[in-house]
>>> print(open('entry_18.pdb').read())   # PDB, C-alpha atoms, pLDDT in the B column
ATOM      1  CA  ASP A 618      73.211 146.605 166.235  1.00 41.00           C
ATOM      2  CA  LEU A 619      74.928 149.977 166.153  1.00 42.00           C
ATOM      3  CA  GLU A 620      78.225 150.173 167.948  1.00 45.00           C
ATOM      4  CA  VAL A 621      79.263 153.746 168.656  1.00 46.00           C
ATOM      5  CA  SER A 622      82.624 153.257 170.328  1.00 47.00           C
ATOM      6  CA  TRP A 623      85.950 154.723 169.317  1.00 46.00           C
ATOM      7  CA  GLY A 624      89.511 154.153 170.424  1.00 45.00           C
ATOM      8  CA  SER A 625      91.709 156.792 172.008  1.00 43.00           C
ATOM      9  CA  SER A 626      92.952 157.960 168.584  1.00 45.00           C
ATOM     10  CA  GLY A 627      89.396 158.441 167.365  1.00 46.00           C
ATOM     11  CA  GLU A 628      89.581 155.318 165.245  1.00 48.00           C
ATOM     12  CA  HIS A 629      86.597 153.047 165.162  1.00 44.00           C
ATOM     13  CA  VAL A 630      86.963 149.940 167.327  1.00 45.00           C
ATOM     14  CA  LYS A 631      84.360 147.441 166.002  1.00 51.00           C
ATOM     15  CA  GLY A 632      80.815 147.144 164.634  1.00 57.00           C
ATOM     16  CA  ASN A 633      79.075 149.959 162.816  1.00 68.00           C
ATOM     17  CA  THR A 634      80.104 153.609 163.020  1.00 83.00           C
ATOM     18  CA  VAL A 635      77.380 156.248 162.986  1.00 87.00           C
ATOM     19  CA  PHE A 636      77.587 160.018 162.896  1.00 90.00           C
ATOM     20  CA  PHE A 637      75.075 162.853 162.948  1.00 90.00           C
ATOM     21  CA  ALA A 638      75.828 166.424 161.896  1.00 91.00           C
ATOM     22  CA  GLN A 639      73.867 169.602 161.314  1.00 90.00           C
ATOM     23  CA  ILE A 640      75.644 172.171 159.187  1.00 88.00           C
ATOM     24  CA  GLY A 641      73.842 175.422 158.640  1.00 83.00           C
ATOM     25  CA  ASP A 642      74.615 179.044 159.387  1.00 76.00           C
ATOM     26  CA  PRO A 643      78.404 179.623 159.069  1.00 75.00           C
ATOM     27  CA  SER A 644      78.323 181.910 162.138  1.00 79.00           C
ATOM     28  CA  ARG A 645      77.187 179.021 164.362  1.00 82.00           C
ATOM     29  CA  PRO A 646      79.278 175.917 165.000  1.00 86.00           C
ATOM     30  CA  PRO A 647      77.932 172.711 163.511  1.00 88.00           C
ATOM     31  CA  VAL A 648      76.163 170.176 165.688  1.00 89.00           C
ATOM     32  CA  TRP A 649      78.204 166.971 165.797  1.00 90.00           C
ATOM     33  CA  VAL A 650      77.574 163.549 167.293  1.00 91.00           C
ATOM     34  CA  GLY A 651      80.068 160.884 166.304  1.00 89.00           C
ATOM     35  CA  PRO A 652      83.768 160.082 166.412  1.00 87.00           C
ATOM     36  CA  PRO A 653      85.965 162.599 168.239  1.00 83.00           C
ATOM     37  CA  ASN A 654      87.852 163.725 165.107  1.00 82.00           C
ATOM     38  CA  SER A 655      84.897 165.651 163.661  1.00 88.00           C
ATOM     39  CA  ALA A 656      87.055 167.977 161.522  1.00 89.00           C
ATOM     40  CA  ASP A 657      87.785 165.264 158.930  1.00 90.00           C
ATOM     41  CA  PHE A 658      84.101 164.402 158.725  1.00 91.00           C
ATOM     42  CA  LEU A 659      82.918 168.009 158.485  1.00 91.00           C
ATOM     43  CA  ASN A 660      85.498 168.799 155.774  1.00 89.00           C
ATOM     44  CA  ALA A 661      84.398 165.743 153.782  1.00 90.00           C
ATOM     45  CA  LEU A 662      80.725 166.760 154.151  1.00 91.00           C
ATOM     46  CA  ARG A 663      81.390 170.363 153.088  1.00 88.00           C
ATOM     47  CA  ASN A 664      83.547 169.337 150.100  1.00 88.00           C
ATOM     48  CA  THR A 665      81.089 166.776 148.731  1.00 88.00           C
ATOM     49  CA  ASP A 666      77.876 167.641 146.928  1.00 87.00           C
ATOM     50  CA  ILE A 667      75.337 165.385 148.638  1.00 89.00           C
ATOM     51  CA  PRO A 668      71.847 165.544 147.123  1.00 89.00           C
ATOM     52  CA  GLN A 669      68.981 165.606 149.583  1.00 89.00           C
ATOM     53  CA  ARG A 670      67.230 162.354 150.515  1.00 89.00           C
ATOM     54  CA  LYS A 671      69.632 160.292 148.442  1.00 91.00           C
ATOM     55  CA  ALA A 672      72.254 158.046 150.030  1.00 89.00           C
ATOM     56  CA  VAL A 673      75.755 158.583 148.665  1.00 89.00           C
ATOM     57  CA  SER A 674      79.127 157.114 149.446  1.00 87.00           C
ATOM     58  CA  LEU A 675      81.497 159.422 151.330  1.00 89.00           C
ATOM     59  CA  ARG A 676      85.220 158.907 151.866  1.00 88.00           C
ATOM     60  CA  VAL A 677      86.589 160.371 155.107  1.00 89.00           C
ATOM     61  CA  HIS A 678      90.319 160.969 155.525  1.00 87.00           C
ATOM     62  CA  GLY A 679      91.846 158.529 158.022  1.00 84.00           C
ATOM     63  CA  TRP A 680      89.028 155.981 157.855  1.00 85.00           C
ATOM     64  CA  LYS A 681      89.018 152.663 156.035  1.00 81.00           C
ATOM     65  CA  GLY A 682      86.001 152.150 153.858  1.00 79.00           C
ATOM     66  CA  HIS A 683      83.239 154.517 152.875  1.00 83.00           C
ATOM     67  CA  PHE A 684      80.346 155.971 154.808  1.00 89.00           C
ATOM     68  CA  ARG A 685      76.795 155.899 153.460  1.00 90.00           C
ATOM     69  CA  VAL A 686      75.486 159.415 154.030  1.00 93.00           C
ATOM     70  CA  VAL A 687      72.068 160.955 153.526  1.00 93.00           C
ATOM     71  CA  ALA A 688      71.273 164.685 153.822  1.00 93.00           C
ATOM     72  CA  VAL A 689      67.932 166.280 154.661  1.00 92.00           C
ATOM     73  CA  GLU A 690      66.883 169.903 155.081  1.00 88.00           C
ATOM     74  CA  VAL A 691      64.435 169.900 157.979  1.00 79.00           C
ATOM     75  CA  ARG A 692      63.280 173.505 157.484  1.00 80.00           C
ATOM     76  CA  PRO A 693      64.375 176.174 155.053  1.00 81.00           C
ATOM     77  CA  GLY A 694      67.414 178.137 156.167  1.00 76.00           C
ATOM     78  CA  ALA A 695      68.285 175.787 159.038  1.00 77.00           C
ATOM     79  CA  GLY A 696      70.951 173.986 157.026  1.00 84.00           C
ATOM     80  CA  LEU A 697      71.281 170.324 156.309  1.00 88.00           C
ATOM     81  CA  ILE A 698      71.219 167.419 158.679  1.00 91.00           C
ATOM     82  CA  TYR A 699      73.561 164.568 157.725  1.00 93.00           C
ATOM     83  CA  LEU A 700      73.313 161.015 158.910  1.00 92.00           C
ATOM     84  CA  GLY A 701      76.220 158.710 158.101  1.00 92.00           C
ATOM     85  CA  LEU A 702      76.807 155.021 158.620  1.00 88.00           C
ATOM     86  CA  GLN A 703      79.874 152.910 158.051  1.00 85.00           C
ATOM     87  CA  ASP A 704      78.489 149.411 158.132  1.00 74.00           C
ATOM     88  CA  SER A 705      81.553 147.279 158.748  1.00 76.00           C
ATOM     89  CA  SER A 706      79.445 144.201 159.569  1.00 75.00           C
ATOM     90  CA  ALA A 707      77.838 144.376 156.096  1.00 77.00           C
ATOM     91  CA  ARG A 708      81.283 144.767 154.527  1.00 77.00           C
ATOM     92  CA  HIS A 709      82.492 141.769 156.532  1.00 82.00           C
ATOM     93  CA  LEU A 710      79.424 139.786 155.424  1.00 86.00           C
ATOM     94  CA  MET A 711      80.102 140.659 151.776  1.00 87.00           C
ATOM     95  CA  GLN A 712      83.725 139.557 152.143  1.00 89.00           C
ATOM     96  CA  GLN A 713      82.612 136.272 153.694  1.00 93.00           C
ATOM     97  CA  LEU A 714      80.035 135.712 150.937  1.00 95.00           C
ATOM     98  CA  PHE A 715      82.633 136.461 148.269  1.00 95.00           C
ATOM     99  CA  LEU A 716      85.061 134.010 149.853  1.00 96.00           C
ATOM    100  CA  ARG A 717      82.401 131.307 150.101  1.00 96.00           C
ATOM    101  CA  PHE A 718      81.257 131.810 146.513  1.00 97.00           C
ATOM    102  CA  LEU A 719      84.868 131.726 145.347  1.00 97.00           C
ATOM    103  CA  LEU A 720      85.518 128.494 147.254  1.00 97.00           C
ATOM    104  CA  GLY A 721      82.258 127.034 145.910  1.00 97.00           C
ATOM    105  CA  TRP A 722      83.253 127.969 142.371  1.00 97.00           C
ATOM    106  CA  VAL A 723      86.702 126.396 142.791  1.00 97.00           C
ATOM    107  CA  PHE A 724      85.087 123.257 144.242  1.00 97.00           C
ATOM    108  CA  MET A 725      82.661 123.027 141.308  1.00 97.00           C
ATOM    109  CA  VAL A 726      85.465 123.485 138.762  1.00 97.00           C
ATOM    110  CA  VAL A 727      87.600 120.806 140.438  1.00 97.00           C
ATOM    111  CA  LEU A 728      84.603 118.476 140.729  1.00 97.00           C
ATOM    112  CA  GLY A 729      83.727 119.032 137.055  1.00 97.00           C
ATOM    113  CA  PHE A 730      87.325 118.376 136.073  1.00 97.00           C
ATOM    114  CA  LEU A 731      87.391 115.114 138.077  1.00 97.00           C
ATOM    115  CA  VAL A 732      84.081 113.915 136.631  1.00 96.00           C
ATOM    116  CA  ALA A 733      85.279 114.699 133.095  1.00 96.00           C
ATOM    117  CA  LEU A 734      88.633 113.029 133.754  1.00 96.00           C
ATOM    118  CA  LEU A 735      87.044 109.856 135.149  1.00 95.00           C
ATOM    119  CA  GLY A 736      84.515 109.703 132.306  1.00 91.00           C
ATOM    120  CA  LEU A 737      87.233 110.192 129.723  1.00 93.00           C
ATOM    121  CA  ARG A 738      89.445 107.584 131.361  1.00 94.00           C
ATOM    122  CA  ARG A 739      86.584 105.063 131.369  1.00 89.00           C
ATOM    123  CA  MET A 740      85.810 105.744 127.718  1.00 87.00           C
ATOM    124  CA  LEU A 741      89.470 105.469 126.724  1.00 89.00           C
ATOM    125  CA  LYS A 742      89.697 102.094 128.483  1.00 88.00           C
ATOM    126  CA  ARG A 743      86.889 100.865 126.254  1.00 85.00           C
ATOM    127  CA  VAL A 744      88.604 102.285 123.142  1.00 86.00           C
ATOM    128  CA  ASP A 745      91.820 100.611 124.266  1.00 89.00           C
ATOM    129  CA  ALA A 746      89.948  97.281 124.544  1.00 84.00           C
ATOM    130  CA  ILE A 747      88.740  97.709 120.942  1.00 84.00           C
ATOM    131  CA  THR A 748      92.298  98.524 119.815  1.00 87.00           C
ATOM    132  CA  GLY A 749      93.708  95.485 121.650  1.00 86.00           C
ATOM    133  CA  THR A 750      91.100  93.196 120.145  1.00 82.00           C
ATOM    134  CA  ALA A 751      91.735  94.546 116.647  1.00 82.00           C
ATOM    135  CA  ALA A 752      95.487  94.066 117.095  1.00 84.00           C
ATOM    136  CA  GLY A 753      94.988  90.464 118.281  1.00 82.00           C
ATOM    137  CA  ILE A 754      92.955  89.291 115.284  1.00 81.00           C
ATOM    138  CA  ARG A 755      94.847  86.784 113.150  1.00 78.00           C
ATOM    139  CA  THR A 756      94.043  85.672 109.614  1.00 73.00           C
ATOM    140  CA  ASP A 757      93.600  82.070 110.678  1.00 77.00           C
ATOM    141  CA  ASP A 758      91.206  82.947 113.585  1.00 78.00           C
ATOM    142  CA  LEU A 759      88.520  85.572 113.019  1.00 80.00           C
ATOM    143  CA  SER A 760      86.324  84.478 115.944  1.00 81.00           C
ATOM    144  CA  THR A 761      87.553  87.142 118.391  1.00 82.00           C
ATOM    145  CA  ARG A 762      84.986  89.864 119.099  1.00 85.00           C
ATOM    146  CA  VAL A 763      85.070  93.192 120.942  1.00 83.00           C
ATOM    147  CA  PRO A 764      83.004  93.275 124.162  1.00 80.00           C
ATOM    148  CA  THR A 765      80.111  95.713 123.624  1.00 79.00           C
ATOM    149  CA  GLY A 766      78.595  95.984 127.098  1.00 75.00           C
ATOM    150  CA  ARG A 767      75.203  97.579 127.785  1.00 81.00           C
ATOM    151  CA  GLN A 768      76.151 101.158 127.036  1.00 81.00           C
ATOM    152  CA  GLN A 769      74.401 102.978 124.212  1.00 84.00           C
ATOM    153  CA  ASP A 770      77.077 105.542 123.410  1.00 86.00           C
ATOM    154  CA  GLU A 771      79.411 106.123 120.478  1.00 86.00           C
ATOM    155  CA  VAL A 772      82.080 103.731 121.768  1.00 85.00           C
ATOM    156  CA  ALA A 773      79.522 100.895 122.068  1.00 86.00           C
ATOM    157  CA  ARG A 774      78.304 101.744 118.555  1.00 88.00           C
ATOM    158  CA  LEU A 775      81.900 101.566 117.314  1.00 87.00           C
ATOM    159  CA  ALA A 776      82.351  98.143 119.007  1.00 87.00           C
ATOM    160  CA  ARG A 777      79.126  96.809 117.420  1.00 89.00           C
ATOM    161  CA  THR A 778      80.171  98.137 114.004  1.00 89.00           C
ATOM    162  CA  PHE A 779      83.606  96.554 114.405  1.00 87.00           C
ATOM    163  CA  ASN A 780      82.029  93.201 115.388  1.00 88.00           C
ATOM    164  CA  ASN A 781      79.648  93.368 112.386  1.00 91.00           C
ATOM    165  CA  MET A 782      82.630  94.058 110.134  1.00 89.00           C
ATOM    166  CA  LEU A 783      84.439  91.031 111.580  1.00 87.00           C
ATOM    167  CA  ASP A 784      81.325  88.905 110.984  1.00 90.00           C
ATOM    168  CA  ARG A 785      81.217  89.983 107.328  1.00 91.00           C
ATOM    169  CA  ILE A 786      84.969  89.406 106.880  1.00 88.00           C
ATOM    170  CA  SER A 787      84.709  85.996 108.571  1.00 87.00           C
ATOM    171  CA  ALA A 788      81.782  85.027 106.312  1.00 89.00           C
ATOM    172  CA  SER A 789      83.704  86.162 103.246  1.00 89.00           C
ATOM    173  CA  VAL A 790      86.834  84.252 104.303  1.00 86.00           C
ATOM    174  CA  ASN A 791      84.739  81.127 104.979  1.00 87.00           C
ATOM    175  CA  GLN A 792      83.123  81.414 101.526  1.00 90.00           C
ATOM    176  CA  LEU A 793      86.559  81.899  99.991  1.00 88.00           C
ATOM    177  CA  ARG A 794      87.910  78.809 101.825  1.00 86.00           C
ATOM    178  CA  THR A 795      84.932  76.733 100.710  1.00 90.00           C
ATOM    179  CA  LEU A 796      85.442  77.877  97.122  1.00 89.00           C
ATOM    180  CA  THR A 797      89.189  77.219  97.157  1.00 89.00           C
ATOM    181  CA  ASP A 798      88.653  73.818  98.808  1.00 90.00           C
ATOM    182  CA  SER A 799      86.150  72.951  96.081  1.00 89.00           C
ATOM    183  CA  VAL A 800      88.527  74.043  93.325  1.00 85.00           C
TER
END
>>> encode(input="entry_18.pdb", output="structure tokens")
Amino acid sequence: DLEVSWGSSGEHVKGNTVFFAQIGDPSRPPVWVGPPNSADFLNALRNTDIPQRKAVSLRVHGWKGHFRVVAVEVRPGAGLIYLGLQDSSARHLMQQLFLRFLLGWVFMVVLGFLVALLGLRRMLKRVDAITGTAAGIRTDDLSTRVPTGRQQDEVARLARTFNNMLDRISASVNQLRTLTDSV
């Protein structure tokens, strides 16, 4: 899909821009196939050291973006043949991919934040239940226990430990009552 169309000012209209140039003997004019404003392209080609058979990035005055250019010497003394491509559809694809990856990253960060927030809120509700139960225990009634649930995490372990502590305190208080009643 190579679009070789230019506007009236020589500016590229859409798609990919391609040019072909042969620069050799200074006494002969260069061969040029491409946008009408060849002077900017030829100056950029002459002022840039382009190694043979290696694609390089070339900036041309008046054009957005870079051109990928490769140079080849077909026969000794005939000069170099340059082939250049400004692949705007690939640049557009890269911009779209970047935008999608950025949006995906933002979505994942927000999703991770929400999952962490909901998990933390759930855990803090359970800690708050333990705190409420501990605050409601009276010296004359030690039968209140913290609900442990089926979870096997640190908060459930804390609730079980708290309930075991209440069992031991209740047993000690009952022994103390029995002893004082006997005395």
>>> closest_residue(input="entry_18.pdb", among="A:Asn781, A:Gln713, A:Gln703, A:Gln768", to="A:Trp680", atoms="all atoms listed in the file")
A:Gln703
>>> closest_residue(input="entry_18.pdb", among="A:Val772, A:Leu793, A:Ile640, A:Leu720", to="A:Leu737", atoms="only C-alpha atoms")
A:Val772
>>> closest_residue(input="entry_18.pdb", among="A:Thr634, A:Arg645, A:Ala688, A:Leu675", to="A:Ala707", atoms="all atoms listed in the file")
A:Thr634
>>> closest_residue(input="entry_18.pdb", among="A:Leu697, A:Ala776, A:Ala733, A:Met782", to="A:Asp745", atoms="all atoms listed in the file")
A:Ala776
>>> closest_residue(input="entry_18.pdb", among="A:Ala695, A:Ile667, A:Val732, A:Leu783", to="A:Arg762", atoms="all atoms listed in the file")
A:Leu783
>>> closest_residue(input="entry_18.pdb", among="A:Ser655, A:Arg663, A:Thr795, A:Gly641", to="A:Gly694", atoms="all atoms listed in the file")
A:Gly641
>>> atom_distance(input="entry_18.pdb", atom1="atom CA of A:Asp770", atom2="atom CA of A:Asp784")
21.2 Å
>>> residues_near_point(input="entry_18.pdb", point="(76.9, 159.4, 155.2)", cutoff="10 Å", atoms="all atoms listed in the file", output="ChimeraX atom specification")
/A:635-638,658,661-662,667,671-677,683-688,699-703
>>> write_last_selection(input="entry_18.pdb", atoms="C-alpha atoms", output="PDB file, keeping the file's coordinate frame")
ATOM      1  CA  VAL A 635      77.380 156.248 162.986  1.00 87.00           C
ATOM      2  CA  PHE A 636      77.587 160.018 162.896  1.00 90.00           C
ATOM      3  CA  PHE A 637      75.075 162.853 162.948  1.00 90.00           C
ATOM      4  CA  ALA A 638      75.828 166.424 161.896  1.00 91.00           C
ATOM      5  CA  PHE A 658      84.101 164.402 158.725  1.00 91.00           C
ATOM      6  CA  ALA A 661      84.398 165.743 153.782  1.00 90.00           C
ATOM      7  CA  LEU A 662      80.725 166.760 154.151  1.00 91.00           C
ATOM      8  CA  ILE A 667      75.337 165.385 148.638  1.00 89.00           C
ATOM      9  CA  LYS A 671      69.632 160.292 148.442  1.00 91.00           C
ATOM     10  CA  ALA A 672      72.254 158.046 150.030  1.00 89.00           C
ATOM     11  CA  VAL A 673      75.755 158.583 148.665  1.00 89.00           C
ATOM     12  CA  SER A 674      79.127 157.114 149.446  1.00 87.00           C
ATOM     13  CA  LEU A 675      81.497 159.422 151.330  1.00 89.00           C
ATOM     14  CA  ARG A 676      85.220 158.907 151.866  1.00 88.00           C
ATOM     15  CA  VAL A 677      86.589 160.371 155.107  1.00 89.00           C
ATOM     16  CA  HIS A 683      83.239 154.517 152.875  1.00 83.00           C
ATOM     17  CA  PHE A 684      80.346 155.971 154.808  1.00 89.00           C
ATOM     18  CA  ARG A 685      76.795 155.899 153.460  1.00 90.00           C
ATOM     19  CA  VAL A 686      75.486 159.415 154.030  1.00 93.00           C
ATOM     20  CA  VAL A 687      72.068 160.955 153.526  1.00 93.00           C
ATOM     21  CA  ALA A 688      71.273 164.685 153.822  1.00 93.00           C
ATOM     22  CA  TYR A 699      73.561 164.568 157.725  1.00 93.00           C
ATOM     23  CA  LEU A 700      73.313 161.015 158.910  1.00 92.00           C
ATOM     24  CA  GLY A 701      76.220 158.710 158.101  1.00 92.00           C
ATOM     25  CA  LEU A 702      76.807 155.021 158.620  1.00 88.00           C
ATOM     26  CA  GLN A 703      79.874 152.910 158.051  1.00 85.00           C
TER      27      GLN A 703
END
>>> axis_aligned_box(input="entry_18.pdb", around="stretch 637-655 of chain A", padding_each_side="6 Å", output="lines of an AutoDock Vina configuration file")
center_x = 80.8
center_y = 171.0
center_z = 163.4
size_x = 26.0
size_y = 33.8
size_z = 21.6
>>> atom_distance(input="entry_18.pdb", atom1="atom CA of A:Ser799", atom2="atom CA of A:Ile786")
19.7 Å
>>> atom_distance(input="entry_18.pdb", atom1="atom CA of A:Arg755", atom2="atom CA of A:Glu771")
25.8 Å
>>> resolve_selection(input="entry_18.pdb", expression="the PyMOL selection byres ((chain A and resi 765) around 9)", output="compact mmCIF listing (two decimals) with C-alpha atoms, in the frame of the given file")
# COMPACT_ATOMS: atom_id res chain seq x y z
CA ARG A 743 86.89 100.86 126.25
CA ARG A 762 84.99 89.86 119.10
CA VAL A 763 85.07 93.19 120.94
CA PRO A 764 83.00 93.28 124.16
CA GLY A 766 78.60 95.98 127.10
CA ARG A 767 75.20 97.58 127.78
CA GLN A 768 76.15 101.16 127.04
CA VAL A 772 82.08 103.73 121.77
CA ALA A 773 79.52 100.90 122.07
CA ARG A 774 78.30 101.74 118.56
CA LEU A 775 81.90 101.57 117.31
CA ALA A 776 82.35 98.14 119.01
CA ARG A 777 79.13 96.81 117.42
CA ASN A 780 82.03 93.20 115.39
>>> build_atoms(input="entry_18.pdb", residues="stretch 673-683 of chain A", atoms="all heavy atoms", output="short mmCIF file (atom, residue, chain, number, x, y, z; two decimals), keeping the file's coordinate frame")
data_model
loop_
_atom_site.label_atom_id
_atom_site.label_comp_id
_atom_site.auth_asym_id
_atom_site.auth_seq_id
_atom_site.Cartn_x
_atom_site.Cartn_y
_atom_site.Cartn_z
N VAL A 673 74.54 158.57 149.49
CA VAL A 673 75.76 158.58 148.66
C VAL A 673 76.90 158.00 149.49
O VAL A 673 76.83 157.89 150.71
CB VAL A 673 76.13 160.00 148.18
CG1 VAL A 673 75.06 160.58 147.28
CG2 VAL A 673 76.40 160.92 149.35
N SER A 674 77.95 157.66 148.80
CA SER A 674 79.13 157.11 149.45
C SER A 674 80.11 158.26 149.72
O SER A 674 80.39 159.06 148.84
CB SER A 674 79.75 156.07 148.52
OG SER A 674 80.73 155.36 149.19
N LEU A 675 80.61 158.33 150.93
CA LEU A 675 81.50 159.42 151.33
C LEU A 675 82.79 158.83 151.89
O LEU A 675 82.77 157.95 152.75
CB LEU A 675 80.82 160.29 152.40
CG LEU A 675 81.63 161.46 152.93
CD1 LEU A 675 81.74 162.55 151.87
CD2 LEU A 675 80.97 162.02 154.19
N ARG A 676 83.90 159.33 151.39
CA ARG A 676 85.22 158.91 151.87
C ARG A 676 85.70 159.95 152.87
O ARG A 676 85.73 161.14 152.56
CB ARG A 676 86.17 158.83 150.67
CG ARG A 676 87.50 158.25 151.01
CD ARG A 676 87.44 156.73 150.88
NE ARG A 676 88.76 156.17 150.99
CZ ARG A 676 89.05 155.23 151.84
NH1 ARG A 676 88.13 154.75 152.64
NH2 ARG A 676 90.26 154.74 151.91
N VAL A 677 86.10 159.48 154.06
CA VAL A 677 86.59 160.37 155.11
C VAL A 677 88.06 160.06 155.34
O VAL A 677 88.44 158.90 155.52
CB VAL A 677 85.78 160.19 156.41
CG1 VAL A 677 86.34 161.09 157.51
CG2 VAL A 677 84.31 160.50 156.18
N HIS A 678 88.87 161.12 155.33
CA HIS A 678 90.32 160.97 155.52
C HIS A 678 90.60 160.27 156.85
O HIS A 678 90.07 160.65 157.90
CB HIS A 678 91.00 162.35 155.49
CG HIS A 678 92.46 162.29 155.74
ND1 HIS A 678 93.35 161.78 154.82
CD2 HIS A 678 93.20 162.64 156.83
CE1 HIS A 678 94.56 161.84 155.32
NE2 HIS A 678 94.50 162.37 156.54
N GLY A 679 91.45 159.23 156.81
CA GLY A 679 91.85 158.53 158.02
C GLY A 679 90.96 157.35 158.37
O GLY A 679 91.19 156.69 159.38
N TRP A 680 89.94 157.09 157.57
CA TRP A 680 89.03 155.98 157.85
C TRP A 680 89.07 154.98 156.70
O TRP A 680 89.06 155.36 155.54
CB TRP A 680 87.60 156.48 158.04
CG TRP A 680 87.42 157.18 159.34
CD1 TRP A 680 87.82 158.43 159.66
CD2 TRP A 680 86.82 156.63 160.50
NE1 TRP A 680 87.50 158.72 160.94
CE2 TRP A 680 86.87 157.62 161.49
CE3 TRP A 680 86.23 155.42 160.80
CZ2 TRP A 680 86.37 157.43 162.77
CZ3 TRP A 680 85.72 155.23 162.08
CH2 TRP A 680 85.80 156.22 163.05
N LYS A 681 89.09 153.71 157.05
CA LYS A 681 89.02 152.66 156.04
C LYS A 681 87.56 152.52 155.61
O LYS A 681 86.67 152.57 156.43
CB LYS A 681 89.51 151.32 156.60
CG LYS A 681 90.97 151.31 156.92
CD LYS A 681 91.36 149.94 157.44
CE LYS A 681 92.82 149.94 157.83
NZ LYS A 681 93.23 148.65 158.40
N GLY A 682 87.37 152.34 154.35
CA GLY A 682 86.00 152.15 153.86
C GLY A 682 85.27 153.46 153.70
O GLY A 682 85.74 154.54 154.06
N HIS A 683 84.09 153.35 153.14
CA HIS A 683 83.24 154.52 152.88
C HIS A 683 82.10 154.58 153.88
O HIS A 683 81.74 153.58 154.49
CB HIS A 683 82.66 154.42 151.46
CG HIS A 683 83.67 154.57 150.39
ND1 HIS A 683 84.50 153.54 150.00
CD2 HIS A 683 84.00 155.63 149.62
CE1 HIS A 683 85.29 153.95 149.04
NE2 HIS A 683 85.02 155.22 148.79
#
